[in-house]
>>> print(open('protein.cif').read())   # mmCIF, N, CA and C atoms and all ligand atoms
data_final
loop_
_atom_site.label_atom_id
_atom_site.label_comp_id
_atom_site.auth_asym_id
_atom_site.auth_seq_id
_atom_site.Cartn_x
_atom_site.Cartn_y
_atom_site.Cartn_z
N MET A 269 55.20 17.60 6.13
CA MET A 269 54.30 18.44 6.94
C MET A 269 54.81 18.58 8.36
N PHE A 270 55.31 17.46 8.93
CA PHE A 270 55.79 17.51 10.31
C PHE A 270 57.01 18.44 10.42
N ASP A 271 57.92 18.31 9.47
CA ASP A 271 59.12 19.17 9.51
C ASP A 271 58.74 20.64 9.50
N ALA A 272 57.72 20.99 8.73
CA ALA A 272 57.36 22.40 8.55
C ALA A 272 56.83 23.04 9.82
N VAL A 273 56.34 22.23 10.76
CA VAL A 273 55.76 22.82 11.98
C VAL A 273 56.59 22.54 13.23
N GLN A 274 57.79 21.95 13.04
CA GLN A 274 58.63 21.72 14.22
C GLN A 274 59.04 23.07 14.81
N PRO A 275 59.11 23.18 16.13
CA PRO A 275 59.50 24.44 16.76
C PRO A 275 60.88 24.91 16.31
N ASP A 276 61.05 26.23 16.28
CA ASP A 276 62.34 26.80 15.87
C ASP A 276 63.39 26.63 16.96
N GLU A 277 62.96 26.64 18.20
CA GLU A 277 63.91 26.55 19.32
C GLU A 277 64.63 25.20 19.28
N PRO A 278 65.94 25.19 19.47
CA PRO A 278 66.66 23.90 19.48
C PRO A 278 66.05 22.94 20.50
N HIS A 279 65.90 21.67 20.09
CA HIS A 279 65.23 20.70 20.96
C HIS A 279 65.63 19.29 20.57
N HIS A 280 65.30 18.35 21.44
CA HIS A 280 65.40 16.93 21.10
C HIS A 280 64.06 16.50 20.50
N TYR A 281 64.12 15.77 19.39
CA TYR A 281 62.90 15.29 18.73
C TYR A 281 62.69 13.83 19.12
N LEU A 282 61.66 13.57 19.90
CA LEU A 282 61.35 12.20 20.30
C LEU A 282 60.45 11.59 19.23
N ALA A 283 61.08 10.92 18.28
CA ALA A 283 60.35 10.48 17.09
C ALA A 283 59.51 9.24 17.35
N PHE A 284 60.00 8.31 18.17
CA PHE A 284 59.29 7.04 18.36
C PHE A 284 59.30 6.62 19.82
N LEU A 285 58.17 6.12 20.28
CA LEU A 285 58.09 5.44 21.58
C LEU A 285 57.08 4.33 21.39
N ALA A 286 57.47 3.11 21.65
CA ALA A 286 56.55 1.99 21.45
C ALA A 286 56.87 0.86 22.42
N VAL A 287 55.82 0.20 22.88
CA VAL A 287 55.92 -0.95 23.77
C VAL A 287 55.14 -2.09 23.11
N ASP A 288 55.70 -3.30 23.17
CA ASP A 288 55.02 -4.50 22.64
C ASP A 288 53.55 -4.50 23.11
N PRO A 289 52.61 -4.65 22.19
CA PRO A 289 51.19 -4.60 22.58
C PRO A 289 50.83 -5.57 23.71
N THR A 290 51.53 -6.70 23.81
CA THR A 290 51.20 -7.65 24.88
C THR A 290 51.72 -7.19 26.24
N GLN A 291 52.54 -6.12 26.25
CA GLN A 291 53.14 -5.65 27.51
C GLN A 291 52.70 -4.23 27.87
N GLN A 292 51.73 -3.69 27.14
CA GLN A 292 51.32 -2.30 27.39
C GLN A 292 50.53 -2.18 28.70
N ASN A 293 50.48 -0.94 29.20
CA ASN A 293 49.74 -0.60 30.43
C ASN A 293 50.30 -1.29 31.68
N ARG A 294 51.63 -1.50 31.67
CA ARG A 294 52.31 -2.05 32.85
C ARG A 294 53.41 -1.11 33.32
N GLY A 295 53.42 0.12 32.83
CA GLY A 295 54.41 1.10 33.29
C GLY A 295 55.71 1.12 32.51
N ILE A 296 55.81 0.31 31.45
CA ILE A 296 57.08 0.26 30.69
C ILE A 296 57.30 1.57 29.92
N GLY A 297 56.26 2.05 29.27
CA GLY A 297 56.38 3.31 28.53
C GLY A 297 56.79 4.45 29.45
N ALA A 298 56.18 4.53 30.62
CA ALA A 298 56.52 5.58 31.59
C ALA A 298 57.97 5.45 32.03
N ALA A 299 58.43 4.21 32.23
CA ALA A 299 59.82 4.00 32.66
C ALA A 299 60.80 4.40 31.55
N LEU A 300 60.47 4.05 30.30
CA LEU A 300 61.33 4.44 29.17
C LEU A 300 61.41 5.96 29.06
N LEU A 301 60.26 6.61 29.20
CA LEU A 301 60.24 8.08 29.11
C LEU A 301 61.06 8.70 30.24
N ALA A 302 60.88 8.22 31.46
CA ALA A 302 61.59 8.80 32.61
C ALA A 302 63.10 8.66 32.43
N ASP A 303 63.54 7.50 31.94
CA ASP A 303 64.97 7.29 31.72
C ASP A 303 65.51 8.24 30.66
N HIS A 304 64.77 8.36 29.57
CA HIS A 304 65.18 9.24 28.47
C HIS A 304 65.20 10.71 28.93
N HIS A 305 64.17 11.10 29.68
CA HIS A 305 64.11 12.49 30.17
C HIS A 305 65.29 12.79 31.09
N GLY A 306 65.71 11.78 31.87
CA GLY A 306 66.86 12.00 32.77
C GLY A 306 68.09 12.40 31.98
N ARG A 307 68.32 11.71 30.85
CA ARG A 307 69.50 12.04 30.03
C ARG A 307 69.35 13.40 29.36
N LEU A 308 68.12 13.69 28.87
CA LEU A 308 67.91 14.98 28.19
C LEU A 308 67.99 16.14 29.17
N ASP A 309 67.47 15.95 30.38
CA ASP A 309 67.55 17.01 31.40
C ASP A 309 69.01 17.31 31.75
N ALA A 310 69.83 16.25 31.79
CA ALA A 310 71.26 16.46 32.09
C ALA A 310 71.93 17.29 30.99
N LEU A 311 71.41 17.18 29.77
CA LEU A 311 71.95 17.96 28.65
C LEU A 311 71.26 19.33 28.54
N GLY A 312 70.22 19.56 29.35
CA GLY A 312 69.50 20.85 29.33
C GLY A 312 68.62 21.04 28.11
N LEU A 313 68.14 19.92 27.55
CA LEU A 313 67.38 20.02 26.29
C LEU A 313 65.86 19.95 26.51
N PRO A 314 65.10 20.83 25.84
CA PRO A 314 63.65 20.63 25.77
C PRO A 314 63.34 19.49 24.78
N VAL A 315 62.12 19.00 24.82
CA VAL A 315 61.73 17.86 23.98
C VAL A 315 60.46 18.21 23.21
N TYR A 316 60.45 17.78 21.95
CA TYR A 316 59.26 17.95 21.12
C TYR A 316 58.86 16.59 20.56
N LEU A 317 57.55 16.35 20.48
CA LEU A 317 57.06 15.11 19.83
C LEU A 317 55.66 15.35 19.28
N GLU A 318 55.25 14.42 18.45
CA GLU A 318 53.88 14.42 17.94
C GLU A 318 53.15 13.21 18.52
N ALA A 319 52.10 13.45 19.30
CA ALA A 319 51.28 12.35 19.83
C ALA A 319 50.25 11.97 18.78
N SER A 320 50.06 10.65 18.64
CA SER A 320 49.19 10.21 17.54
C SER A 320 47.75 9.98 17.97
N ASN A 321 47.47 10.13 19.26
CA ASN A 321 46.07 10.07 19.71
C ASN A 321 45.95 10.59 21.14
N ARG A 322 44.69 10.74 21.58
CA ARG A 322 44.44 11.30 22.92
C ARG A 322 44.88 10.34 24.03
N ASN A 323 44.93 9.03 23.73
CA ASN A 323 45.33 8.07 24.76
C ASN A 323 46.80 8.23 25.11
N ASN A 324 47.67 8.24 24.09
CA ASN A 324 49.09 8.40 24.44
C ASN A 324 49.38 9.85 24.86
N GLN A 325 48.54 10.81 24.43
CA GLN A 325 48.75 12.20 24.88
C GLN A 325 48.67 12.29 26.42
N ARG A 326 47.75 11.50 27.02
CA ARG A 326 47.64 11.53 28.49
C ARG A 326 48.95 11.15 29.16
N LEU A 327 49.64 10.15 28.59
CA LEU A 327 50.94 9.73 29.15
C LEU A 327 51.92 10.90 29.12
N TYR A 328 51.98 11.61 27.99
CA TYR A 328 52.92 12.73 27.87
C TYR A 328 52.55 13.89 28.80
N LEU A 329 51.25 14.14 28.95
CA LEU A 329 50.83 15.22 29.85
C LEU A 329 51.27 14.91 31.29
N ARG A 330 51.21 13.64 31.66
CA ARG A 330 51.64 13.25 33.02
C ARG A 330 53.15 13.35 33.19
N HIS A 331 53.88 13.41 32.07
CA HIS A 331 55.35 13.48 32.13
C HIS A 331 55.87 14.87 31.79
N GLY A 332 55.06 15.88 32.04
CA GLY A 332 55.54 17.26 31.97
C GLY A 332 55.44 17.94 30.63
N TYR A 333 54.76 17.31 29.68
CA TYR A 333 54.58 17.96 28.36
C TYR A 333 53.37 18.87 28.38
N SER A 334 53.44 19.93 27.57
CA SER A 334 52.29 20.80 27.31
C SER A 334 51.76 20.50 25.92
N ALA A 335 50.45 20.61 25.78
CA ALA A 335 49.83 20.37 24.47
C ALA A 335 49.94 21.62 23.61
N GLY A 336 50.37 21.44 22.38
CA GLY A 336 50.41 22.54 21.41
C GLY A 336 49.30 22.36 20.40
N PRO A 337 49.43 22.99 19.26
CA PRO A 337 48.39 22.88 18.23
C PRO A 337 48.32 21.47 17.64
N ALA A 338 47.16 21.12 17.10
CA ALA A 338 47.01 19.86 16.38
C ALA A 338 47.44 20.08 14.93
N ILE A 339 47.98 19.01 14.33
CA ILE A 339 48.33 19.06 12.91
C ILE A 339 47.20 18.36 12.15
N ALA A 340 46.55 19.10 11.27
CA ALA A 340 45.45 18.51 10.49
C ALA A 340 46.03 17.90 9.23
N LEU A 341 45.83 16.62 9.05
CA LEU A 341 46.30 15.96 7.83
C LEU A 341 45.38 16.35 6.67
N PRO A 342 45.92 16.36 5.44
CA PRO A 342 45.14 16.89 4.31
C PRO A 342 43.92 16.04 3.96
N GLU A 343 44.01 14.75 4.20
CA GLU A 343 42.85 13.91 3.87
C GLU A 343 42.46 13.14 5.14
N GLU A 344 42.21 11.83 5.01
CA GLU A 344 41.83 11.08 6.20
C GLU A 344 43.05 10.84 7.09
N GLY A 345 42.81 10.54 8.37
CA GLY A 345 43.90 10.23 9.28
C GLY A 345 43.63 10.81 10.64
N PRO A 346 44.44 10.41 11.62
CA PRO A 346 44.21 10.90 12.98
C PRO A 346 44.64 12.36 13.12
N ALA A 347 44.10 13.04 14.13
CA ALA A 347 44.61 14.36 14.48
C ALA A 347 45.94 14.13 15.19
N ILE A 348 46.99 14.78 14.72
CA ILE A 348 48.32 14.65 15.32
C ILE A 348 48.49 15.81 16.30
N LEU A 349 48.91 15.47 17.51
CA LEU A 349 48.92 16.46 18.58
C LEU A 349 50.35 16.83 18.94
N GLN A 350 50.72 18.09 18.74
CA GLN A 350 52.08 18.53 19.04
C GLN A 350 52.24 18.69 20.56
N MET A 351 53.40 18.22 21.06
CA MET A 351 53.66 18.26 22.50
C MET A 351 55.06 18.81 22.75
N TRP A 352 55.22 19.55 23.86
CA TRP A 352 56.50 20.19 24.18
C TRP A 352 56.79 20.03 25.66
N ARG A 353 58.02 19.63 25.97
CA ARG A 353 58.47 19.54 27.37
C ARG A 353 59.64 20.49 27.52
N SER A 354 59.47 21.48 28.38
CA SER A 354 60.49 22.52 28.53
C SER A 354 61.79 21.96 29.11
N ALA A 355 62.87 22.68 28.84
CA ALA A 355 64.16 22.33 29.43
C ALA A 355 64.09 22.57 30.94
N PRO A 356 64.90 21.84 31.73
CA PRO A 356 64.90 22.09 33.16
C PRO A 356 65.30 23.54 33.44
N GLY A 357 64.62 24.16 34.41
CA GLY A 357 64.94 25.55 34.75
C GLY A 357 64.08 26.54 33.99
N ASP A 358 63.37 26.08 32.96
CA ASP A 358 62.52 27.00 32.21
C ASP A 358 61.30 27.40 33.04
N ASP A 359 60.89 26.55 33.95
CA ASP A 359 59.76 26.81 34.86
C ASP A 359 58.48 27.17 34.12
N GLY A 360 58.27 26.56 32.98
CA GLY A 360 57.02 26.75 32.26
C GLY A 360 56.89 28.09 31.55
N ARG A 361 58.02 28.84 31.44
CA ARG A 361 57.93 30.14 30.76
C ARG A 361 57.65 29.97 29.28
N THR A 362 58.02 28.81 28.72
CA THR A 362 57.77 28.55 27.30
C THR A 362 56.78 27.40 27.19
N PRO A 363 55.46 27.67 27.38
CA PRO A 363 54.51 26.56 27.35
C PRO A 363 54.49 25.87 26.00
N PHE A 364 54.60 26.63 24.94
CA PHE A 364 54.78 26.02 23.62
C PHE A 364 55.48 27.04 22.73
N PRO A 365 56.63 26.66 22.15
CA PRO A 365 57.42 27.62 21.38
C PRO A 365 56.80 27.93 20.02
N CYS A 366 57.27 29.02 19.44
CA CYS A 366 56.74 29.44 18.14
C CYS A 366 57.30 28.59 17.01
N THR A 367 56.52 28.52 15.95
CA THR A 367 56.97 27.87 14.72
C THR A 367 56.77 28.86 13.60
N LYS A 368 57.85 29.16 12.89
CA LYS A 368 57.70 30.04 11.72
C LYS A 368 57.33 29.18 10.52
N PRO A 369 56.42 29.64 9.69
CA PRO A 369 56.12 28.87 8.48
C PRO A 369 57.39 28.67 7.66
N ARG A 370 57.63 27.46 7.21
CA ARG A 370 58.82 27.16 6.41
C ARG A 370 58.39 26.53 5.10
N ARG A 371 59.20 26.77 4.08
CA ARG A 371 58.97 26.11 2.79
C ARG A 371 59.31 24.63 2.92
N GLN A 372 58.62 23.78 2.18
CA GLN A 372 58.92 22.35 2.23
C GLN A 372 59.68 21.95 0.98
C1 LIG A 401 52.07 4.68 24.16
C2 LIG A 401 52.92 3.54 24.70
C3 LIG A 401 54.39 3.72 24.31
C4 LIG A 401 52.84 3.60 26.24
O1 LIG A 401 53.57 2.52 26.81
P1 LIG A 401 52.91 1.68 28.00
O2 LIG A 401 53.97 0.83 28.58
O3 LIG A 401 51.68 1.00 27.51
O4 LIG A 401 52.50 2.87 29.02
P2 LIG A 401 52.38 2.91 30.60
O5 LIG A 401 51.87 1.58 31.12
O6 LIG A 401 53.66 3.41 31.19
O7 LIG A 401 51.30 4.04 30.78
C5 LIG A 401 49.96 3.83 30.43
C6 LIG A 401 49.53 4.96 29.51
O8 LIG A 401 50.02 4.77 28.18
C7 LIG A 401 49.04 5.18 27.23
N1 LIG A 401 48.65 3.98 26.47
C8 LIG A 401 48.60 2.70 26.88
N2 LIG A 401 48.25 1.88 25.88
C9 LIG A 401 48.07 2.66 24.78
C10 LIG A 401 47.71 2.39 23.41
N3 LIG A 401 47.46 1.15 22.95
N4 LIG A 401 47.63 3.43 22.56
C11 LIG A 401 47.90 4.67 22.98
N5 LIG A 401 48.25 4.99 24.26
C12 LIG A 401 48.32 3.99 25.16
C13 LIG A 401 47.89 5.78 28.04
O9 LIG A 401 48.16 7.18 28.22
C14 LIG A 401 48.01 5.07 29.37
O10 LIG A 401 47.53 5.85 30.43
P3 LIG A 401 45.97 5.82 30.88
O11 LIG A 401 45.95 4.93 32.06
O12 LIG A 401 45.67 7.25 31.20
O13 LIG A 401 45.18 5.28 29.71
C15 LIG A 401 52.42 2.15 24.24
O14 LIG A 401 51.10 1.96 24.70
C16 LIG A 401 52.43 1.96 22.74
O15 LIG A 401 53.44 1.50 22.20
N6 LIG A 401 51.33 2.31 22.06
C17 LIG A 401 51.20 2.13 20.63
C18 LIG A 401 52.19 3.05 19.87
C19 LIG A 401 52.03 4.50 20.27
O16 LIG A 401 50.93 5.01 20.43
N7 LIG A 401 53.21 5.14 20.44
C20 LIG A 401 53.29 6.55 20.76
C21 LIG A 401 53.21 7.36 19.48
S1 LIG A 401 53.17 9.10 19.86
#
>>> encode(input="protein.cif", output="structure tokens")
Amino acid sequence: MFDAVQPDEPHHYLAFLAVDPTQQNRGIGAALLADHHGRLDALGLPVYLEASNRNNQRLYLRHGYSAGPAIALPEEGPAILQMWRSAPGDDGRTPFPCTKPRRQ
């Protein structure tokens, strides 16, 4: 399901970000993101990810991501929130790129 809704525009896919639960809310996640974004910005790449809840979505919004559509899972489960961070120089012209329906 996730593959089918990934944006068509070439991008970096940030699949995982995690901090030891005993060390959360001390700025480590923000530091990891800032370091990673520095390398991706140098390559001129936009970033796409799926946020798994509204709490971590706030972190991404503070780091320059725009909220896209939610992915509704077929049965029980959290609402998955698509997020996009434009490439440097885009100046917000692409708030969220298009996704063409794809066969799975
Ligand atoms: C999300 C996560 C990587 C952030 O790392 P962190 O070092 O705790 O983050 P920071 O201290 O730099 O920033 C704090 C922000 O992280 C987010 N956050 C912190 N703990 C969280 C948790 N248990 N679950 C979800 N988001 C959390 C919030 O946005 C918080 O900001 P707030 O003050 O507005 O609530 C980390 O909390 C974590 O590993 N959570 C569980 C796994 C997860 O949700 N990964 C992301 C999947 S998309």
>>> select_by_dssp(input="protein.cif", residues="region 288-321 of chain A", states="strand (DSSP E or B)", output="PyMOL selection string")
chain A and resi 315-319
>>> atom_distance(input="protein.cif", atom1="CA of Asp359 (chain A)", atom2="atom C1 of ligand LIG 401 (chain A)")
25.8 Å
>>> closest_residue(input="protein.cif", among="A:Arg307, A:Arg330, A:Arg361, A:His280", to="ligand LIG 401 (chain A)", atoms="all atoms listed in the file")
A:Arg330
>>> select_by_dssp(input="protein.cif", residues="chain A", states="helix (DSSP H, G or I)", output="PyMOL selection string")
chain A and resi 270-273+289-291+296-311+322-330
>>> residues_near_ligand(input="protein.cif", ligand="ligand LIG 401 (chain A)", cutoff="9 Å", atoms="only C-alpha atoms and all ligand atoms", output="PyMOL selection string")
chain A and resi 282-289+291-301+317-330+348-349
>>> residues_around(input="protein.cif", residues="Trp352 (chain A)", least_positions_apart="5", cutoff="6 Å", atoms="only C-alpha atoms", output="VMD selection string")
chain A and resid 315 to 316 333 to 334
>>> atom_distance(input="protein.cif", atom1="CA of His305 (chain A)", atom2="CA of Asp358 (chain A)")
14.7 Å
>>> atom_distance(input="protein.cif", atom1="atom C of Asp309 (chain A)", atom2="CA of Gly332 (chain A)")
13.5 Å
>>> residues_near_point(input="protein.cif", point="(51.1, 25.9, 20.9)", cutoff="7 Å", atoms="all atoms listed in the file", output="PDB file with N, CA and C atoms, in the frame of the given file")
ATOM      1  N   ALA A 335      50.450  20.610  25.780  1.00  0.00           N
ATOM      2  CA  ALA A 335      49.830  20.370  24.470  1.00  0.00           C
ATOM      3  C   ALA A 335      49.940  21.620  23.610  1.00  0.00           C
ATOM      4  N   GLY A 336      50.370  21.440  22.380  1.00  0.00           N
ATOM      5  CA  GLY A 336      50.410  22.540  21.410  1.00  0.00           C
ATOM      6  C   GLY A 336      49.300  22.360  20.400  1.00  0.00           C
ATOM      7  N   PRO A 337      49.430  22.990  19.260  1.00  0.00           N
ATOM      8  CA  PRO A 337      48.390  22.880  18.230  1.00  0.00           C
ATOM      9  C   PRO A 337      48.320  21.470  17.640  1.00  0.00           C
ATOM     10  N   PRO A 363      55.460  27.670  27.380  1.00  0.00           N
ATOM     11  CA  PRO A 363      54.510  26.560  27.350  1.00  0.00           C
ATOM     12  C   PRO A 363      54.490  25.870  26.000  1.00  0.00           C
ATOM     13  N   PHE A 364      54.600  26.630  24.940  1.00  0.00           N
ATOM     14  CA  PHE A 364      54.780  26.020  23.620  1.00  0.00           C
ATOM     15  C   PHE A 364      55.480  27.040  22.730  1.00  0.00           C
ATOM     16  N   PRO A 365      56.630  26.660  22.150  1.00  0.00           N
ATOM     17  CA  PRO A 365      57.420  27.620  21.380  1.00  0.00           C
ATOM     18  C   PRO A 365      56.800  27.930  20.020  1.00  0.00           C
TER      19      PRO A 365
END
>>> residues_around(input="protein.cif", residues="Leu341 (chain A)", least_positions_apart="6", cutoff="10 Å", atoms="only C-alpha atoms", output="number ranges by chain")
A: 269-270, 347-348
>>> residues_around(input="protein.cif", residues="Leu313 (chain A)", least_positions_apart="4", cutoff="6.5 Å", atoms="only N, CA and C atoms", output="list in words")
His279, His280, Leu308, Asp309, Arg353, Ser354, Ala355 and Pro356 of chain A
>>> closest_residue(input="protein.cif", among="A:Tyr281, A:Ala310, A:Pro275, A:Glu344", to="Thr362 (chain A)", atoms="only C-alpha atoms")
A:Pro275
